[in-house]
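Trainee: Take a look at the following structure, please.
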Amino acid sequence: MAFAGSAVRRMVSAAQRPFAPSWQTGARSYSSKPTSAKNVPYEKTLRQEEGAPTGPTKPLPRSADAVVIGGGSLGCQTIYHLAKMGLTNAVLLERDRLTAGTTWHTAGLLWQLRPSDVEVELLAHTRNVVSRDLEEETGLHTGWIQNGGLFIASNKQRLDEYKRLMSLGKVYGIESHVLSPAETKDLYPLMNVGDLYGTLYVPNDGTMDPAGTCTTLSRAASARGATVIENCPVTGIKVHTDDFGVKRVKEVETPHGAIETPCVVNCAGVWATKLGRMAGVNVPLVAMHHAYVVTERIEGIQNMPNVRDHDASVYLRLQGDALSVGGYEHNPIFWDQVSDRFAFSLFDLDWDVFMQHIEGAINRVPVLEQIGIKSTVCGPESFTADHKPLMGEAPEVRGFFLGCGFNSAGMMLGGGCGRELAHWIIHGRPEKDMYGYDIRRFHSSLTDDQRWIRERSHESYAKNYSVVFPFDEPLASRNMRRDPFHQVLLEQGCVFQERHGWERPGWFNKGPPAPVKSYDYYGAYETRKNVNYKYSELLGKEYTFDFPPHHDVIKNECLSCRHGVAVFDMSYFGKFYLTGPDAKTAADWLFTADVNKKPGSTVYTCMLNKRGGTESDLTVSRLVPGEANLPLAPESNGDAYYLAIGGGVAEHNWNHIKTVLQDRGFRCHVTDHSEDMGMISIQGPKSREVLREVLDADLGNEAFPFSTHRVVSAAGHRVRAMRLSFVGELGWELHIPKDACLPVYRAVMAAGAKHGIVNAGYRAIDSLSIEKGYRHWHADLRPDDTPLEAGLAFTCKLKSSVPFQGRDRLEKQKEEGLRRRIVCFTIDEKVPMFGLEAIFRNGVPVGHLRRADYGFFIDKTIGYGYIRNPDGGVVNADFIKSGHFTLERMGVTFKAKAHLKTPFDPENQRVKGIYA
């Protein structure tokens, strides 16, 4: 069949078949039954030969320290790294043969550059494992081919994105080059470059062979003592409840016997959801058809790099003297009836769906129009709500770990993720910051919501090749969680962001309201596309690496806060109570700061993991014991604490606290009242004047000092007022019972009218907080950063003798000196930065910006990043002061000034109400 001859005629004449989301009446999926197996472009697979034994390939042990389920890329990488780290009593169970599910037909591409520092590190480890480590250990070649990668840019925005990747790559020593269309033509003579803006060439990218890689991984793991058993499906997972009421993994059941184990690792790919149900664990992924075709021989294609043409949503993988062509479409086919008997099988390719990739491929490599198709490959892949994997210990059951949902990137991410997952299992936490992959990044109310999983996974799939802009927001599955202020803020022009299912204020537009509409699947599946969609139009204007069109709107919100007064809706914050007989002991252990000051105090603190990394920053308020007055106060006849935590990470924090309480055996309880209260923050020099008309309390510095709280009356309603600031100004937070939210808000706005009060959103908070030097968790502050490195030593009670989790690591780090630390940078040129920009000291790369924004009060771009000493020495004040720093943005360098303290109000006068 010619690539674009009869295939095109067949596609054009084919009738369009209807498709609807599965929860709608009469919905169905295409091609739900697998066809007989087809050829894939590899010399071999691990398919079982006819007549071979059908039972387990090895006897099952009676017990194991860990059982990995699934023999694909992630399962093999995980068992290999577990064994390499010394956990040799580990077993891998594969229901058929290794790679039988989805791994056997994967394209096997590896691209080194991604818009994430952690992913760059994960990919680097995979590359090292398949190109070097395994061959050195076993003497076997994995099938690694280093032929380079070429990223296609058809417009300036796309090339700007690639230049950002290039700058980040310099920090990690990854060679890459921006090429002109003419240079691209010299490198790839068969390419059409007439519509190119430029390309990014990465010489050391390549491809992996799934069978060769997984075979070598299993042999290396077996050589270290692990056991790999094929032809052994799992039929059940036993869970028991311990004496403290905690559910834990007990046993894995198979038709051939059971294995007692405290740890199960779900690496079952598209079958992971079913495996999770066996243990009562939600695994929020969907299975979709994902396809590519393999061409006949192409003269002159040999040794060419692999190509990703994101704007055409197509990739071209070198396959010897042919090409594999695939991509991501807007109308992928869902596989709703996932079959247990699906092994080394494929679906029939739906040409109606695949046509768009052929058109893009022919445009990029015109000779394809004359080339035939040798084989089609359409198999199942698992996809998730944010196109990121699902990893870590499940919140429902201790000892049940996830390593699934890899969005067709399981081969390239497998090495790095397998190592982190192994470290997670053995040591309780990964080494790197894996929050972006941690199952606990999703709120528990979402992980079993089929509409949310399906809509969000579809959008993530459809946008996989879209430019990754700094301020993008999803359109799918919105309005899942709304606070009491939502409608009144919408009517005042609020443009909402989505975090953790919550709708939170982003910024306030001067035009008419911009509500978020129901998801339209981008017009796919005969869904009517939203028209006159104001929110989508505003979001589209955000799609830039320059200052957005409403830059001045955010500036006004920020400066109104700095000079007058602004109100921020922060209701999506997590709001927890910690009570019980051991509450004080638990608080001492959980929190780095001394939170056991007198009742009425509020303390900013961190929570650490065992390695001293920062799992959270939050405020902890000590409460007066007494009867319950929910939601404002819990019942307590002893110590009690109110925890306020950033809403986007509330689930992560909740599970961290619960895990620590369980592991330490503390007799206390943590309860969640996040949905029961709203929260507004009134900030700025005039905040006291406004609130004096609303609160029945003395707001003077002596009567109501900074970092204190009390229950007061606001417009006739009881609220908890806290004198705190996340923007560096005089201000108070009001934590308000749900039913009282709107009356209190209206009273604040009425009192503030004569003072010019404005609504402000989280875009303003981002700017104001970085200007003040306050940290954002999972930006400036992550689980792989210690408080000492992050400039938060003041939150740690190291001068006391009170133990807390991670203290030993901090003491050792303090004694040895910091090998990395966060530094503030400003530049004089008015250019936007967003994070990932490379940091150079005396011309040598020493780190990259974690977060950057524009500071409107000081009128400069501000960035924060961690720097290292390239000689491996200590990073102290002299090292910083003696260096000449530059920041590289999209390949252009800018002189930067390093600051040891924030350039805005370094003496903290404004939060104390002192304004010069």
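Ordered as shown in the structure tokens, chains take letters A, B, and onward, while each chain numbers its residues from 1 and ligands are numbered from 1 in the order shown.
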Hey, which bits of region 533-627 of chain A sit within 12 Å of region 485-490 of chain A, and for each residue what's the closest pair of atoms and how far apart in Å (one decimal), counting only C-alpha atoms, rows by chain and increasing number, as CSV?
Mentor:
```
residue,atom,partner,partner_atom,distance
A:Tyr535,CA,A:Leu490,CA,11.0
A:Val567,CA,A:Leu489,CA,11.2
A:Phe568,CA,A:Leu489,CA,10.5
A:Asp569,CA,A:Phe485,CA,7.6
A:Met570,CA,A:Phe485,CA,10.0
A:Ser571,CA,A:Phe485,CA,8.5
A:Tyr572,CA,A:Phe485,CA,10.8
```
Trainee: Export N, CA, C and O atoms of the chosen residues as a CSV table (one decimal), in the first residue's frame?
Mentor:
```
chain,number,residue,atom,x,y,z
A,535,TYR,N,-13.4,32.7,28.4
A,535,TYR,CA,-12.3,32.2,29.3
A,535,TYR,C,-11.2,31.6,28.4
A,535,TYR,O,-10.0,31.9,28.6
A,567,VAL,N,-7.7,42.4,48.7
A,567,VAL,CA,-8.2,41.2,49.3
A,567,VAL,C,-8.0,40.0,48.4
A,567,VAL,O,-8.2,40.1,47.2
A,568,PHE,N,-7.5,38.9,49.0
A,568,PHE,CA,-7.2,37.7,48.3
A,568,PHE,C,-8.1,36.6,48.8
A,568,PHE,O,-8.1,36.3,50.0
A,569,ASP,N,-8.7,35.9,47.9
A,569,ASP,CA,-9.5,34.7,48.2
A,569,ASP,C,-8.5,33.5,48.2
A,569,ASP,O,-8.1,33.0,47.2
A,570,MET,N,-8.3,32.9,49.4
A,570,MET,CA,-7.3,31.8,49.6
A,570,MET,C,-8.1,30.6,50.2
A,570,MET,O,-7.5,29.8,50.9
A,571,SER,N,-9.4,30.5,49.8
A,571,SER,CA,-10.2,29.5,50.5
A,571,SER,C,-9.8,28.1,50.1
A,571,SER,O,-10.1,27.1,50.9
A,572,TYR,N,-9.1,27.9,49.1
A,572,TYR,CA,-8.7,26.5,48.7
A,572,TYR,C,-7.6,25.9,49.6
A,572,TYR,O,-7.3,24.7,49.5
```
Trainee: Enumerate as a ChimeraX atom specification all residues of region 557-634 of chain A assigned to alpha helix (DSSP H) by DSSP on the backbone, naming them with the chain letters and numbers the document uses.
Mentor: /A:557-563,583-590
Trainee: Among region 373-402 of chain A, which residues does DSSP mark as strand (DSSP E) when it is run on the backbone? Keep the chain and numbering as in the structure and answer as a compact mmCIF listing (two decimals) with N, CA, C and O atoms, in the first residue's frame.
Mentor:
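Below you can see out.txt, which holds the result:
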```
# COMPACT_ATOMS: atom_id res chain seq x y z
N ILE A 373 3.72 1.43 2.93
CA ILE A 373 3.67 1.12 4.36
C ILE A 373 3.91 -0.38 4.54
O ILE A 373 3.22 -1.21 3.95
N LYS A 374 4.90 -0.71 5.36
CA LYS A 374 5.25 -2.11 5.61
C LYS A 374 4.36 -2.73 6.68
O LYS A 374 3.93 -3.87 6.57
N SER A 375 4.09 -1.98 7.75
CA SER A 375 3.25 -2.53 8.82
C SER A 375 2.60 -1.40 9.60
O SER A 375 3.09 -0.27 9.60
N THR A 376 1.49 -1.74 10.23
CA THR A 376 0.81 -0.80 11.13
C THR A 376 0.88 -1.36 12.54
O THR A 376 0.77 -2.57 12.75
N VAL A 377 1.04 -0.48 13.50
CA VAL A 377 1.15 -0.89 14.90
C VAL A 377 0.20 -0.02 15.71
O VAL A 377 0.41 1.19 15.82
N CYS A 378 -0.84 -0.61 16.25
CA CYS A 378 -1.80 0.13 17.07
C CYS A 378 -2.06 -0.69 18.33
O CYS A 378 -2.70 -1.75 18.27
N GLY A 379 -1.54 -0.22 19.42
CA GLY A 379 -1.67 -0.96 20.67
C GLY A 379 -2.19 -0.08 21.79
O GLY A 379 -2.34 1.13 21.63
N PRO A 380 -2.46 -0.66 22.95
CA PRO A 380 -2.97 0.12 24.07
C PRO A 380 -1.84 0.81 24.83
O PRO A 380 -0.74 0.27 24.95
N GLU A 381 -2.12 2.01 25.32
CA GLU A 381 -1.22 2.72 26.22
C GLU A 381 -2.07 3.33 27.32
O GLU A 381 -3.26 3.61 27.13
N SER A 382 -1.47 3.57 28.46
CA SER A 382 -2.19 4.17 29.58
C SER A 382 -1.87 5.66 29.67
O SER A 382 -0.72 6.07 29.52
N PHE A 383 -2.91 6.46 29.93
CA PHE A 383 -2.76 7.91 29.98
C PHE A 383 -3.44 8.45 31.24
O PHE A 383 -4.42 7.90 31.72
N THR A 384 -2.89 9.56 31.74
CA THR A 384 -3.34 10.11 33.02
C THR A 384 -3.83 11.55 32.85
O THR A 384 -3.68 12.16 31.79
N LEU A 390 1.97 7.82 37.43
CA LEU A 390 1.45 7.62 38.77
C LEU A 390 2.46 6.78 39.54
O LEU A 390 2.72 5.63 39.18
N MET A 391 3.02 7.37 40.59
CA MET A 391 4.05 6.67 41.35
C MET A 391 3.82 6.88 42.85
O MET A 391 3.05 7.74 43.27
N GLY A 392 4.51 6.07 43.63
CA GLY A 392 4.50 6.24 45.07
C GLY A 392 3.51 5.35 45.79
O GLY A 392 2.76 4.58 45.17
N GLU A 393 3.51 5.45 47.11
CA GLU A 393 2.64 4.63 47.94
C GLU A 393 1.21 5.17 47.88
O GLU A 393 0.98 6.36 48.06
N PHE A 400 1.28 -0.52 49.20
CA PHE A 400 0.86 -0.68 47.81
C PHE A 400 1.42 0.50 47.01
O PHE A 400 1.00 1.64 47.19
N PHE A 401 2.38 0.22 46.14
CA PHE A 401 3.07 1.26 45.38
C PHE A 401 2.62 1.24 43.93
O PHE A 401 2.31 0.19 43.36
N LEU A 402 2.61 2.43 43.34
CA LEU A 402 2.25 2.58 41.93
C LEU A 402 3.49 2.88 41.10
O LEU A 402 4.36 3.65 41.51
```
Trainee: Using only C-alpha atoms for the distances, tell me which of A:Ser767, A:Asn204, A:Ser457, A:Thr241 is nearest to Leu123 (chain A).
Mentor: A:Asn204
Trainee: Report as number ranges by chain all protein, DNA and RNA residues lying within 9 Å of region 62-71 of chain A, evaluated on only C-alpha atoms, omitting residues in the same chain fewer than 3 positions from it.
Mentor: A: 74-76, 78-79, 82, 87-101, 103, 214, 228, 230, 233-234, 251-252, 257-269, 272, 275, 399, 425
Trainee: So that each row is one residue of region 460-506 of chain A with an atom at most 12 Å from region 680-703 of chain A, can you give its shortest atom pair and the distance in Å to one decimal, using only C-alpha atoms, rows by chain and rising number, as a tab-separated table?
Mentor:
```
residue	atom	partner	partner_atom	distance
A:Asp483	CA	A:Ile680	CA	11.1
A:Pro484	CA	A:Ile680	CA	11.0
A:Phe485	CA	A:Ile680	CA	9.4
A:Arg504	CA	A:Ile680	CA	11.7
A:Pro505	CA	A:Ile680	CA	11.5
```
Trainee: In terms of the shortest atom-to-atom distance over only C-alpha atoms, which of A:Asn842, A:Gln356, A:Phe904, A:Gly149 is closest to Ile858 (chain A)?
Mentor: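 Closest candidate: A:Phe904.
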Trainee: Could you check which of A:Ile298, A:Ile554, A:Ala916, A:Ala747 is closest to Asp766 (chain A), using only C-alpha atoms?
Mentor: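 Answer, going by the shortest atom-to-atom distance: A:Ile554.
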Trainee: So which residues touch Gln112 (chain A) within 9 Å, counting only C-alpha atoms, skipping near sequence neighbours fewer than 4 positions away, as a ChimeraX atom specification?
Mentor: /A:119-121,123-124,127,149,169,174,202,204-206,412
Trainee: Store the residues of this selection in a file with N, CA and C atoms, as a PDB file, in the first residue's frame.
Mentor:
```pdb
ATOM      1  N   GLU A 119      12.803  15.773  35.207  1.00  0.00           N
ATOM      2  CA  GLU A 119      12.676  14.847  34.089  1.00  0.00           C
ATOM      3  C   GLU A 119      13.976  14.740  33.300  1.00  0.00           C
ATOM      4  N   VAL A 120      14.695  15.831  33.165  1.00  0.00           N
ATOM      5  CA  VAL A 120      16.006  15.766  32.501  1.00  0.00           C
ATOM      6  C   VAL A 120      16.919  14.792  33.251  1.00  0.00           C
ATOM      7  N   GLU A 121      16.879  14.834  34.583  1.00  0.00           N
ATOM      8  CA  GLU A 121      17.711  13.943  35.383  1.00  0.00           C
ATOM      9  C   GLU A 121      17.239  12.491  35.266  1.00  0.00           C
ATOM     10  N   LEU A 123      15.643  11.121  32.699  1.00  0.00           N
ATOM     11  CA  LEU A 123      16.001  10.649  31.358  1.00  0.00           C
ATOM     12  C   LEU A 123      17.492  10.343  31.264  1.00  0.00           C
ATOM     13  N   ALA A 124      18.302  11.155  31.912  1.00  0.00           N
ATOM     14  CA  ALA A 124      19.743  10.927  31.880  1.00  0.00           C
ATOM     15  C   ALA A 124      20.093   9.583  32.507  1.00  0.00           C
ATOM     16  N   ARG A 127      19.159   6.760  30.134  1.00  0.00           N
ATOM     17  CA  ARG A 127      20.146   6.683  29.059  1.00  0.00           C
ATOM     18  C   ARG A 127      21.424   5.991  29.534  1.00  0.00           C
ATOM     19  N   GLY A 149      18.476  13.540  17.953  1.00  0.00           N
ATOM     20  CA  GLY A 149      17.093  13.981  17.904  1.00  0.00           C
ATOM     21  C   GLY A 149      16.993  15.377  17.337  1.00  0.00           C
ATOM     22  N   GLY A 169      19.567  22.637  29.297  1.00  0.00           N
ATOM     23  CA  GLY A 169      20.486  21.552  28.992  1.00  0.00           C
ATOM     24  C   GLY A 169      21.938  21.883  29.302  1.00  0.00           C
ATOM     25  N   ILE A 174      24.175  18.761  28.537  1.00  0.00           N
ATOM     26  CA  ILE A 174      23.553  18.122  27.376  1.00  0.00           C
ATOM     27  C   ILE A 174      23.809  18.976  26.139  1.00  0.00           C
ATOM     28  N   VAL A 202      19.797  17.655  19.024  1.00  0.00           N
ATOM     29  CA  VAL A 202      20.422  17.060  20.211  1.00  0.00           C
ATOM     30  C   VAL A 202      21.130  15.784  19.758  1.00  0.00           C
ATOM     31  N   ASN A 204      22.965  13.445  21.032  1.00  0.00           N
ATOM     32  CA  ASN A 204      23.082  12.218  21.818  1.00  0.00           C
ATOM     33  C   ASN A 204      21.748  11.600  22.221  1.00  0.00           C
ATOM     34  N   ASP A 205      20.649  12.030  21.593  1.00  0.00           N
ATOM     35  CA  ASP A 205      19.379  11.328  21.749  1.00  0.00           C
ATOM     36  C   ASP A 205      19.452  10.004  20.996  1.00  0.00           C
ATOM     37  N   GLY A 206      18.456   9.139  21.212  1.00  0.00           N
ATOM     38  CA  GLY A 206      18.498   7.859  20.508  1.00  0.00           C
ATOM     39  C   GLY A 206      17.255   7.031  20.740  1.00  0.00           C
ATOM     40  N   MET A 412      11.446   5.574  28.014  1.00  0.00           N
ATOM     41  CA  MET A 412      12.430   6.634  28.225  1.00  0.00           C
ATOM     42  C   MET A 412      12.516   7.077  29.677  1.00  0.00           C
TER      43      MET A 412
END
```
Trainee: When you look at Arg718 (chain A) with a cut-off of 12 Å (counting only C-alpha atoms), what residues show up, excluding the ones that are within fewer than 3 positions of it in the same chain? I need them as number ranges by chain.
Mentor: A: 629-633, 677, 694-697, 710-715, 721, 734-741, 743-744
Trainee: Could you write out the selected residues, including C-alpha atoms, as a PDB file, in the first residue's frame?
Mentor:
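Output file out-v2.pdb follows:
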```pdb
ATOM      1  CA  ASN A 629     -17.088  24.918  67.978  1.00  0.00           C
ATOM      2  CA  LEU A 630     -16.680  23.491  64.516  1.00  0.00           C
ATOM      3  CA  PRO A 631     -15.500  24.415  62.067  1.00  0.00           C
ATOM      4  CA  LEU A 632     -13.617  27.121  63.995  1.00  0.00           C
ATOM      5  CA  ALA A 633     -12.381  24.910  66.834  1.00  0.00           C
ATOM      6  CA  MET A 677     -14.336  27.170  55.798  1.00  0.00           C
ATOM      7  CA  VAL A 694     -15.302  44.954  60.395  1.00  0.00           C
ATOM      8  CA  LEU A 695     -13.732  43.151  63.376  1.00  0.00           C
ATOM      9  CA  ASP A 696     -14.676  43.648  67.020  1.00  0.00           C
ATOM     10  CA  ALA A 697     -11.033  43.485  68.129  1.00  0.00           C
ATOM     11  CA  ARG A 710      -7.895  34.727  67.858  1.00  0.00           C
ATOM     12  CA  VAL A 711     -11.593  34.084  67.267  1.00  0.00           C
ATOM     13  CA  VAL A 712     -13.386  37.404  66.784  1.00  0.00           C
ATOM     14  CA  SER A 713     -16.644  38.728  65.439  1.00  0.00           C
ATOM     15  CA  ALA A 714     -16.741  39.984  61.844  1.00  0.00           C
ATOM     16  CA  ALA A 715     -19.960  41.599  60.662  1.00  0.00           C
ATOM     17  CA  ALA A 721      -8.420  36.123  62.477  1.00  0.00           C
ATOM     18  CA  LEU A 734      -9.871  35.594  58.091  1.00  0.00           C
ATOM     19  CA  HIS A 735     -10.812  31.905  58.337  1.00  0.00           C
ATOM     20  CA  ILE A 736     -14.578  31.928  57.995  1.00  0.00           C
ATOM     21  CA  PRO A 737     -17.292  29.256  58.392  1.00  0.00           C
ATOM     22  CA  LYS A 738     -18.783  28.534  54.994  1.00  0.00           C
ATOM     23  CA  ASP A 739     -22.193  30.109  55.621  1.00  0.00           C
ATOM     24  CA  ALA A 740     -20.620  33.357  56.856  1.00  0.00           C
ATOM     25  CA  CYS A 741     -18.211  33.831  53.942  1.00  0.00           C
ATOM     26  CA  PRO A 743     -21.546  38.456  54.532  1.00  0.00           C
ATOM     27  CA  VAL A 744     -18.012  38.900  55.855  1.00  0.00           C
TER      28      VAL A 744
END
```
Trainee: Within 12 Å of region 428-432 of chain A, counting only C-alpha atoms, which residues show up once you throw out same-chain ones fewer than 3 positions away? Write them as a ChimeraX atom specification, please.
Mentor: /A:117-122,263,391-393,398-399,401,416-425,435-438,608-615,656,659-660,663,782-785
Trainee: Neighbours of Thr585 (chain A) within 12 Å (only C-alpha atoms; same-chain residues fewer than 5 positions away dropped), as an MDAnalysis selection string?
Mentor: chainID A and resid 578:580 590:591 594:596 638:641 660:661 664:668 802:805
